[in-house]
>>> print(open('model.pdb').read())   # PDB, C-alpha atoms
ATOM      1  CA  GLY A 295       1.379   3.741   0.271
ATOM      2  CA  GLU A 296       4.798   5.087   1.038
ATOM      3  CA  ASP A 297       6.753   6.601  -1.819
ATOM      4  CA  VAL A 298      10.285   7.885  -2.321
ATOM      5  CA  GLU A 299      10.964  10.192  -5.246
ATOM      6  CA  GLN A 300      14.246  11.337  -6.742
ATOM      7  CA  SER A 301      15.361  12.642 -10.089
ATOM      8  CA  LEU A 302      16.798  10.012 -12.429
ATOM      9  CA  PHE A 303      19.892  11.789 -13.692
ATOM     10  CA  LEU A 304      22.459  14.387 -12.594
ATOM     11  CA  SER A 305      25.488  15.617 -14.488
ATOM     12  CA  VAL A 306      28.315  17.401 -12.621
ATOM     13  CA  ARG A 307      31.818  18.573 -13.528
ATOM     14  CA  GLU A 308      34.750  16.959 -11.793
ATOM     15  CA  GLY A 309      35.738  19.022  -8.747
ATOM     16  CA  ASP A 310      32.301  20.607  -8.329
ATOM     17  CA  SER A 311      29.784  19.651  -5.652
ATOM     18  CA  SER A 312      26.978  17.228  -6.466
ATOM     19  CA  VAL A 313      23.623  17.561  -4.759
ATOM     20  CA  ILE A 314      21.154  14.711  -5.078
ATOM     21  CA  ASN A 315      17.649  15.395  -3.796
ATOM     22  CA  CYS A 316      14.945  13.074  -2.550
ATOM     23  CA  THR A 317      11.425  13.435  -1.183
ATOM     24  CA  TYR A 318       9.490  10.854   0.805
ATOM     25  CA  THR A 319       5.934  10.558   2.033
ATOM     26  CA  ASP A 320       6.048   8.528   5.256
ATOM     27  CA  SER A 321       6.233  11.001   8.135
ATOM     28  CA  SER A 322       6.868   8.154  10.610
ATOM     29  CA  SER A 323      10.188   7.174   8.986
ATOM     30  CA  THR A 324      12.867   6.694  11.625
ATOM     31  CA  TYR A 325      15.912   6.201   9.419
ATOM     32  CA  LEU A 326      16.744   7.590   6.004
ATOM     33  CA  TYR A 327      19.535   6.183   3.889
ATOM     34  CA  TRP A 328      21.704   6.820   0.891
ATOM     35  CA  TYR A 329      23.007   3.835  -1.047
ATOM     36  CA  LYS A 330      25.543   3.805  -3.871
ATOM     37  CA  GLN A 331      25.542   1.310  -6.731
ATOM     38  CA  GLU A 332      28.586   1.191  -8.959
ATOM     39  CA  PRO A 333      28.328  -0.420 -12.418
ATOM     40  CA  GLY A 334      27.882  -4.183 -12.218
ATOM     41  CA  ALA A 335      27.750  -4.206  -8.424
ATOM     42  CA  GLY A 336      25.143  -4.485  -5.705
ATOM     43  CA  LEU A 337      24.063  -1.623  -3.463
ATOM     44  CA  GLN A 338      26.427  -0.307  -0.838
ATOM     45  CA  LEU A 339      25.217   1.623   2.197
ATOM     46  CA  LEU A 340      26.834   5.052   1.930
ATOM     47  CA  THR A 341      25.402   6.896   4.890
ATOM     48  CA  TYR A 342      22.254   7.245   6.971
ATOM     49  CA  ILE A 343      20.573   9.828   9.158
ATOM     50  CA  PHE A 344      18.175   9.558  12.057
ATOM     51  CA  SER A 345      14.879  11.327  11.560
ATOM     52  CA  ASN A 346      15.528  13.551  14.588
ATOM     53  CA  MET A 347      18.707  14.981  13.032
ATOM     54  CA  ASP A 348      18.846  17.672  10.358
ATOM     55  CA  MET A 349      22.417  17.286   9.211
ATOM     56  CA  LYS A 350      25.147  14.696   9.132
ATOM     57  CA  GLN A 351      28.626  15.117   7.699
ATOM     58  CA  ASP A 352      31.024  12.322   6.831
ATOM     59  CA  GLN A 353      34.189  13.429   5.001
ATOM     60  CA  ARG A 354      33.037  14.610   1.549
ATOM     61  CA  LEU A 355      29.418  13.640   2.182
ATOM     62  CA  THR A 356      26.807  15.901   3.777
ATOM     63  CA  VAL A 357      23.256  14.719   4.358
ATOM     64  CA  LEU A 358      20.565  17.316   5.006
ATOM     65  CA  LEU A 359      17.112  16.389   6.263
ATOM     66  CA  ASN A 360      14.110  18.705   6.287
ATOM     67  CA  LYS A 361      11.564  16.633   8.166
ATOM     68  CA  LYS A 362       8.789  19.219   7.810
ATOM     69  CA  ASP A 363       9.029  19.114   4.005
ATOM     70  CA  LYS A 364      10.060  15.414   3.946
ATOM     71  CA  HIS A 365      13.090  16.297   1.881
ATOM     72  CA  LEU A 366      16.472  14.598   2.031
ATOM     73  CA  SER A 367      19.608  15.586   0.139
ATOM     74  CA  LEU A 368      23.089  14.190  -0.347
ATOM     75  CA  ARG A 369      25.920  16.596  -1.129
ATOM     76  CA  ILE A 370      29.207  15.218  -2.424
ATOM     77  CA  ALA A 371      31.985  17.799  -2.219
ATOM     78  CA  ASP A 372      34.824  17.837  -4.765
ATOM     79  CA  THR A 373      33.136  15.241  -6.984
ATOM     80  CA  GLN A 374      35.558  12.729  -8.484
ATOM     81  CA  THR A 375      35.298  10.227 -11.335
ATOM     82  CA  GLY A 376      35.010   7.430  -8.775
ATOM     83  CA  ASP A 377      31.745   8.979  -7.573
ATOM     84  CA  SER A 378      30.083   8.053 -10.858
ATOM     85  CA  ALA A 379      27.292   5.656  -9.811
ATOM     86  CA  ILE A 380      23.588   5.374  -9.146
ATOM     87  CA  TYR A 381      22.565   6.808  -5.777
ATOM     88  CA  PHE A 382      19.458   5.467  -4.069
ATOM     89  CA  CYS A 383      17.539   7.317  -1.399
ATOM     90  CA  ALA A 384      15.618   5.056   0.993
ATOM     91  CA  GLU A 385      13.481   5.244   4.109
ATOM     92  CA  MET A 386      12.555   2.678   6.716
ATOM     93  CA  ASP A 387       8.802   2.429   7.052
ATOM     94  CA  ARG A 388       6.717   1.637  10.139
ATOM     95  CA  ASP A 389       6.921  -2.101   9.350
ATOM     96  CA  ASP A 390      10.750  -1.980   9.263
ATOM     97  CA  LYS A 391      10.820  -2.416   5.506
ATOM     98  CA  ILE A 392      13.158  -0.243   3.504
ATOM     99  CA  ILE A 393      11.466   1.670   0.680
ATOM    100  CA  PHE A 394      13.785   2.761  -2.143
ATOM    101  CA  GLY A 395      13.613   5.544  -4.660
ATOM    102  CA  LYS A 396      14.306   4.733  -8.308
ATOM    103  CA  GLY A 397      17.885   5.969  -8.095
ATOM    104  CA  THR A 398      19.749   9.000  -9.465
ATOM    105  CA  ARG A 399      22.486   8.318 -11.976
ATOM    106  CA  LEU A 400      25.397  10.673 -11.304
ATOM    107  CA  HIS A 401      27.464  11.402 -14.379
ATOM    108  CA  ILE A 402      30.838  13.136 -13.993
ATOM    109  CA  LEU A 403      32.016  15.481 -16.724
ATOM    110  CA  PRO A 404      35.795  15.929 -17.168
TER     111      PRO A 404
ATOM    112  CA  ASP B 888      33.033  -7.485   6.839
ATOM    113  CA  VAL B 889      29.484  -8.585   6.192
ATOM    114  CA  LYS B 890      29.306 -10.750   3.151
ATOM    115  CA  VAL B 891      26.221 -11.489   1.096
ATOM    116  CA  THR B 892      26.842 -13.795  -1.835
ATOM    117  CA  GLN B 893      24.633 -14.841  -4.702
ATOM    118  CA  SER B 894      25.114 -18.087  -6.577
ATOM    119  CA  SER B 895      25.456 -16.620 -10.070
ATOM    120  CA  ARG B 896      26.314 -13.222 -11.548
ATOM    121  CA  TYR B 897      24.741 -14.040 -14.915
ATOM    122  CA  LEU B 898      22.095 -16.611 -15.794
ATOM    123  CA  VAL B 899      20.307 -17.410 -19.041
ATOM    124  CA  LYS B 900      17.204 -19.608 -18.914
ATOM    125  CA  ARG B 901      14.457 -20.617 -21.302
ATOM    126  CA  THR B 902      10.790 -19.742 -20.931
ATOM    127  CA  GLY B 903       9.037 -22.309 -18.753
ATOM    128  CA  GLU B 904      12.167 -23.476 -16.932
ATOM    129  CA  LYS B 905      12.292 -23.601 -13.143
ATOM    130  CA  VAL B 906      14.947 -21.226 -11.855
ATOM    131  CA  PHE B 907      16.627 -21.122  -8.441
ATOM    132  CA  LEU B 908      18.508 -18.055  -7.265
ATOM    133  CA  GLU B 909      20.506 -18.645  -4.103
ATOM    134  CA  CYS B 910      21.633 -16.114  -1.547
ATOM    135  CA  VAL B 911      23.880 -16.744   1.433
ATOM    136  CA  GLN B 912      24.940 -14.366   4.206
ATOM    137  CA  ASP B 913      27.624 -15.085   6.756
ATOM    138  CA  MET B 914      26.707 -12.692   9.570
ATOM    139  CA  ASP B 915      23.842 -14.508  11.301
ATOM    140  CA  HIS B 916      21.277 -11.921  10.158
ATOM    141  CA  GLU B 917      17.634 -12.677  10.849
ATOM    142  CA  ASN B 918      16.174 -10.695   7.975
ATOM    143  CA  MET B 919      16.697 -11.427   4.304
ATOM    144  CA  PHE B 920      15.171  -9.869   1.204
ATOM    145  CA  TRP B 921      14.847 -10.400  -2.536
ATOM    146  CA  TYR B 922      14.486  -7.406  -4.861
ATOM    147  CA  ARG B 923      14.413  -7.018  -8.585
ATOM    148  CA  GLN B 924      15.899  -3.976 -10.257
ATOM    149  CA  ASP B 925      14.664  -2.715 -13.625
ATOM    150  CA  PRO B 926      15.574   0.469 -15.521
ATOM    151  CA  GLY B 927      13.251   3.310 -14.601
ATOM    152  CA  LEU B 928      11.542   1.255 -11.891
ATOM    153  CA  GLY B 929      14.279   1.141  -9.264
ATOM    154  CA  LEU B 930      14.224  -1.634  -6.680
ATOM    155  CA  ARG B 931      11.034  -3.548  -6.031
ATOM    156  CA  LEU B 932      10.630  -5.939  -3.139
ATOM    157  CA  ILE B 933       9.581  -9.470  -4.128
ATOM    158  CA  TYR B 934       9.674 -11.416  -0.843
ATOM    159  CA  PHE B 935      11.340 -11.129   2.527
ATOM    160  CA  SER B 936      11.915 -13.351   5.512
ATOM    161  CA  TYR B 937      12.269 -12.505   9.185
ATOM    162  CA  ASP B 938      13.248 -15.964  10.345
ATOM    163  CA  VAL B 939      13.864 -19.533   9.256
ATOM    164  CA  LYS B 940      10.836 -21.013   7.459
ATOM    165  CA  MET B 941       9.113 -17.656   7.632
ATOM    166  CA  LYS B 942       8.286 -15.605   4.529
ATOM    167  CA  GLU B 943       6.282 -12.528   3.686
ATOM    168  CA  LYS B 944       5.156 -11.209   0.319
ATOM    169  CA  GLY B 945       6.641  -7.969  -0.851
ATOM    170  CA  ASP B 946       5.243  -5.662  -3.495
ATOM    171  CA  ILE B 947       5.529  -7.957  -6.534
ATOM    172  CA  PRO B 948       5.419 -11.632  -5.403
ATOM    173  CA  GLU B 949       3.480 -12.957  -8.402
ATOM    174  CA  GLY B 950       5.392 -15.599 -10.335
ATOM    175  CA  TYR B 951       7.909 -16.109  -7.514
ATOM    176  CA  SER B 952       8.263 -18.205  -4.391
ATOM    177  CA  VAL B 953      10.965 -18.377  -1.724
ATOM    178  CA  SER B 954      12.516 -20.828   0.659
ATOM    179  CA  ARG B 955      14.341 -20.229   3.955
ATOM    180  CA  GLU B 956      15.317 -23.592   5.424
ATOM    181  CA  LYS B 957      18.472 -22.296   7.096
ATOM    182  CA  LYS B 958      19.123 -18.903   8.617
ATOM    183  CA  GLU B 959      22.007 -18.084   6.307
ATOM    184  CA  ARG B 960      20.318 -19.056   3.040
ATOM    185  CA  PHE B 961      17.366 -17.482   1.245
ATOM    186  CA  SER B 962      16.356 -18.862  -2.134
ATOM    187  CA  LEU B 963      14.203 -17.232  -4.789
ATOM    188  CA  ILE B 964      12.340 -19.624  -7.075
ATOM    189  CA  LEU B 965      10.780 -18.921 -10.441
ATOM    190  CA  GLU B 966       8.456 -21.872 -10.939
ATOM    191  CA  SER B 967       8.048 -21.279 -14.671
ATOM    192  CA  ALA B 968      10.284 -18.510 -15.958
ATOM    193  CA  SER B 969       8.804 -15.945 -18.321
ATOM    194  CA  THR B 970      10.439 -13.263 -20.431
ATOM    195  CA  ASN B 971       9.057 -10.484 -18.212
ATOM    196  CA  GLN B 972      11.148 -11.900 -15.386
ATOM    197  CA  THR B 973      14.316 -10.894 -17.196
ATOM    198  CA  SER B 974      15.895  -8.554 -14.661
ATOM    199  CA  MET B 975      18.665  -7.930 -12.141
ATOM    200  CA  TYR B 976      17.899  -9.732  -8.892
ATOM    201  CA  LEU B 977      19.403  -8.424  -5.665
ATOM    202  CA  CYS B 978      19.492 -10.207  -2.343
ATOM    203  CA  ALA B 979      19.935  -8.326   0.924
ATOM    204  CA  SER B 980      20.229  -9.091   4.601
ATOM    205  CA  THR B 981      19.814  -6.813   7.564
ATOM    206  CA  THR B 982      21.025  -6.350  11.052
ATOM    207  CA  THR B 983      20.721  -3.731  13.708
ATOM    208  CA  GLY B 984      24.135  -2.140  13.783
ATOM    209  CA  LEU B 985      25.676   0.295  16.192
ATOM    210  CA  ALA B 986      23.318   2.743  17.912
ATOM    211  CA  GLY B 987      20.340   0.739  16.707
ATOM    212  CA  VAL B 988      20.750   1.642  13.052
ATOM    213  CA  TYR B 989      18.983  -0.784  10.805
ATOM    214  CA  GLU B 990      21.566  -1.492   8.095
ATOM    215  CA  GLN B 991      20.891  -3.461   4.965
ATOM    216  CA  TYR B 992      23.678  -5.240   3.076
ATOM    217  CA  PHE B 993      23.351  -6.281  -0.542
ATOM    218  CA  GLY B 994      24.776  -9.073  -2.638
ATOM    219  CA  PRO B 995      26.369  -8.322  -6.037
ATOM    220  CA  GLY B 996      23.222  -9.223  -7.970
ATOM    221  CA  THR B 997      22.247 -11.891 -10.497
ATOM    222  CA  ARG B 998      21.400 -10.735 -13.988
ATOM    223  CA  LEU B 999      18.798 -13.203 -15.262
ATOM    224  CA  THR B1000      17.830 -13.360 -18.927
ATOM    225  CA  VAL B1001      14.827 -15.464 -19.914
ATOM    226  CA  THR B1002      14.663 -16.263 -23.616
TER     227      THR B1002
END
>>> encode(input="model.pdb", output="structure tokens")
Amino acid sequence: GEDVEQSLFLSVREGDSSVINCTYTDSSSTYLYWYKQEPGAGLQLLTYIFSNMDMKQDQRLTVLLNKKDKHLSLRIADTQTGDSAIYFCAEMDRDDKIIFGKGTRLHILP
Amino acid sequence: DVKVTQSSRYLVKRTGEKVFLECVQDMDHENMFWYRQDPGLGLRLIYFSYDVKMKEKGDIPEGYSVSREKKERFSLILESASTNQTSMYLCASTTTGLAGVYEQYFGPGTRLTVT
């Protein structure tokens, strides 16, 4: 079945860029998403990208998609303490279900 | 703003009890979902519903049932709670937003402990 893989933990110094990587298996995915979950809260849609795009920028966030390698990344520029959260990569499968990765915990060092 | 609410943030139940988790959305979304979230396992889909009185099994439906009598409300039922159902439960609803993007909105979660 479809699978979404991402590393479980990333540690970055405040002010540096964070890059969270994700790979997926379903080549028919139409939308790919990044969600953010802050402590004690539900998931919040952060950004998304269409499968026919290779880059999307939204303020400090840059999403890169390599459809050939089925690789998605989220870059957060100038990482701040408020960016500390779990980031979930997700894809929409052919049945319109959203398949999530296990989440990457982003830890900010002072 | 889309709002998805869940009836409880924290719940403690005993083994064998029947447990109801309620989810309500106020944006007239057709699709609603129940997930559970466990450390190291991420989000796993339990059940989802595309319309009133309609339900589909997700990846881990065993030990759960659902009810969708009204469009805005989707209930998750644990008929006889067991300790391995201790988890964070997240409800979500979806719409097709601008430019046809399929956006999913989550509730704050219910942390259920079964003792």
>>> residues_around(input="model.pdb", residues="region 906-908 of chain B", least_positions_apart="6", cutoff="8 Å", atoms="all atoms listed in the file", output="list of chain:residue names")
B:Gln893, B:Ser894, B:Ser895, B:Lys900, B:Ser962, B:Leu963, B:Ile964, B:Leu965, B:Glu966, B:Ser967, B:Ala968, B:Thr997
>>> residues_around(input="model.pdb", residues="Leu355 (chain A)", least_positions_apart="3", cutoff="6 Å", atoms="all atoms listed in the file", output="number ranges by chain")
A: 351-352, 369-370
>>> interface_residues(input="model.pdb", of="chain B", to="chain A", cutoff="8 Å", atoms="only C-alpha atoms", output="PyMOL selection string")
chain B and resi 927-931+977+988-996
>>> closest_residue(input="model.pdb", among="B:Val899, B:Asp915, B:Thr892, B:Glu904", to="Glu959 (chain B)", atoms="all atoms listed in the file")
B:Asp915
>>> residues_around(input="model.pdb", residues="Arg955 (chain B)", least_positions_apart="2", cutoff="8 Å", atoms="all atoms listed in the file", output="list of chain:residue names")
B:Ser936, B:Asp938, B:Val939, B:Lys940, B:Met941, B:Lys942, B:Val953, B:Lys957, B:Lys958, B:Arg960, B:Phe961, B:Ser962
>>> resolve_selection(input="model.pdb", expression="the PyMOL selection byres ((chain A and resi 317) around 8)", output="mmCIF file with C-alpha atoms, in the coordinates of the input")
data_model
loop_
_atom_site.group_PDB
_atom_site.id
_atom_site.type_symbol
_atom_site.label_atom_id
_atom_site.label_comp_id
_atom_site.auth_asym_id
_atom_site.auth_seq_id
_atom_site.Cartn_x
_atom_site.Cartn_y
_atom_site.Cartn_z
ATOM 1 C CA VAL A 298 10.285 7.885 -2.321
ATOM 2 C CA GLU A 299 10.964 10.192 -5.246
ATOM 3 C CA GLN A 300 14.246 11.337 -6.742
ATOM 4 C CA ASN A 315 17.649 15.395 -3.796
ATOM 5 C CA CYS A 316 14.945 13.074 -2.550
ATOM 6 C CA TYR A 318 9.490 10.854 0.805
ATOM 7 C CA THR A 319 5.934 10.558 2.033
ATOM 8 C CA LYS A 364 10.060 15.414 3.946
ATOM 9 C CA HIS A 365 13.090 16.297 1.881
ATOM 10 C CA LEU A 366 16.472 14.598 2.031
#
>>> residues_around(input="model.pdb", residues="Leu898 (chain B)", least_positions_apart="6", cutoff="7 Å", atoms="all atoms listed in the file", output="list in words")
Arg998, Leu999 and Thr1000 of chain B
>>> closest_residue(input="model.pdb", among="B:Arg896, B:Lys890, B:Lys905, B:His916", to="Thr982 (chain B)", atoms="all atoms listed in the file")
B:His916
>>> closest_residue(input="model.pdb", among="B:Tyr937, B:Met919, B:Thr902, B:Asp946", to="Ser969 (chain B)", atoms="all atoms listed in the file")
B:Thr902
>>> atom_distance(input="model.pdb", atom1="CA of Leu358 (chain A)", atom2="CA of Ala384 (chain A)")
13.8 Å
>>> axis_aligned_box(input="model.pdb", around="region 951-956 of chain B", padding_each_side="8 Å", output="JSON")
{"center_x": 11.6, "center_y": -19.9, "center_z": -1.0, "size_x": 23.4, "size_y": 23.5, "size_z": 28.9}
>>> residues_around(input="model.pdb", residues="His401 (chain A)", least_positions_apart="6", cutoff="9 Å", atoms="all atoms listed in the file", output="count of residues only")
10
>>> atom_distance(input="model.pdb", atom1="CA of Pro926 (chain B)", atom2="CA of Ser974 (chain B)")
9.1 Å
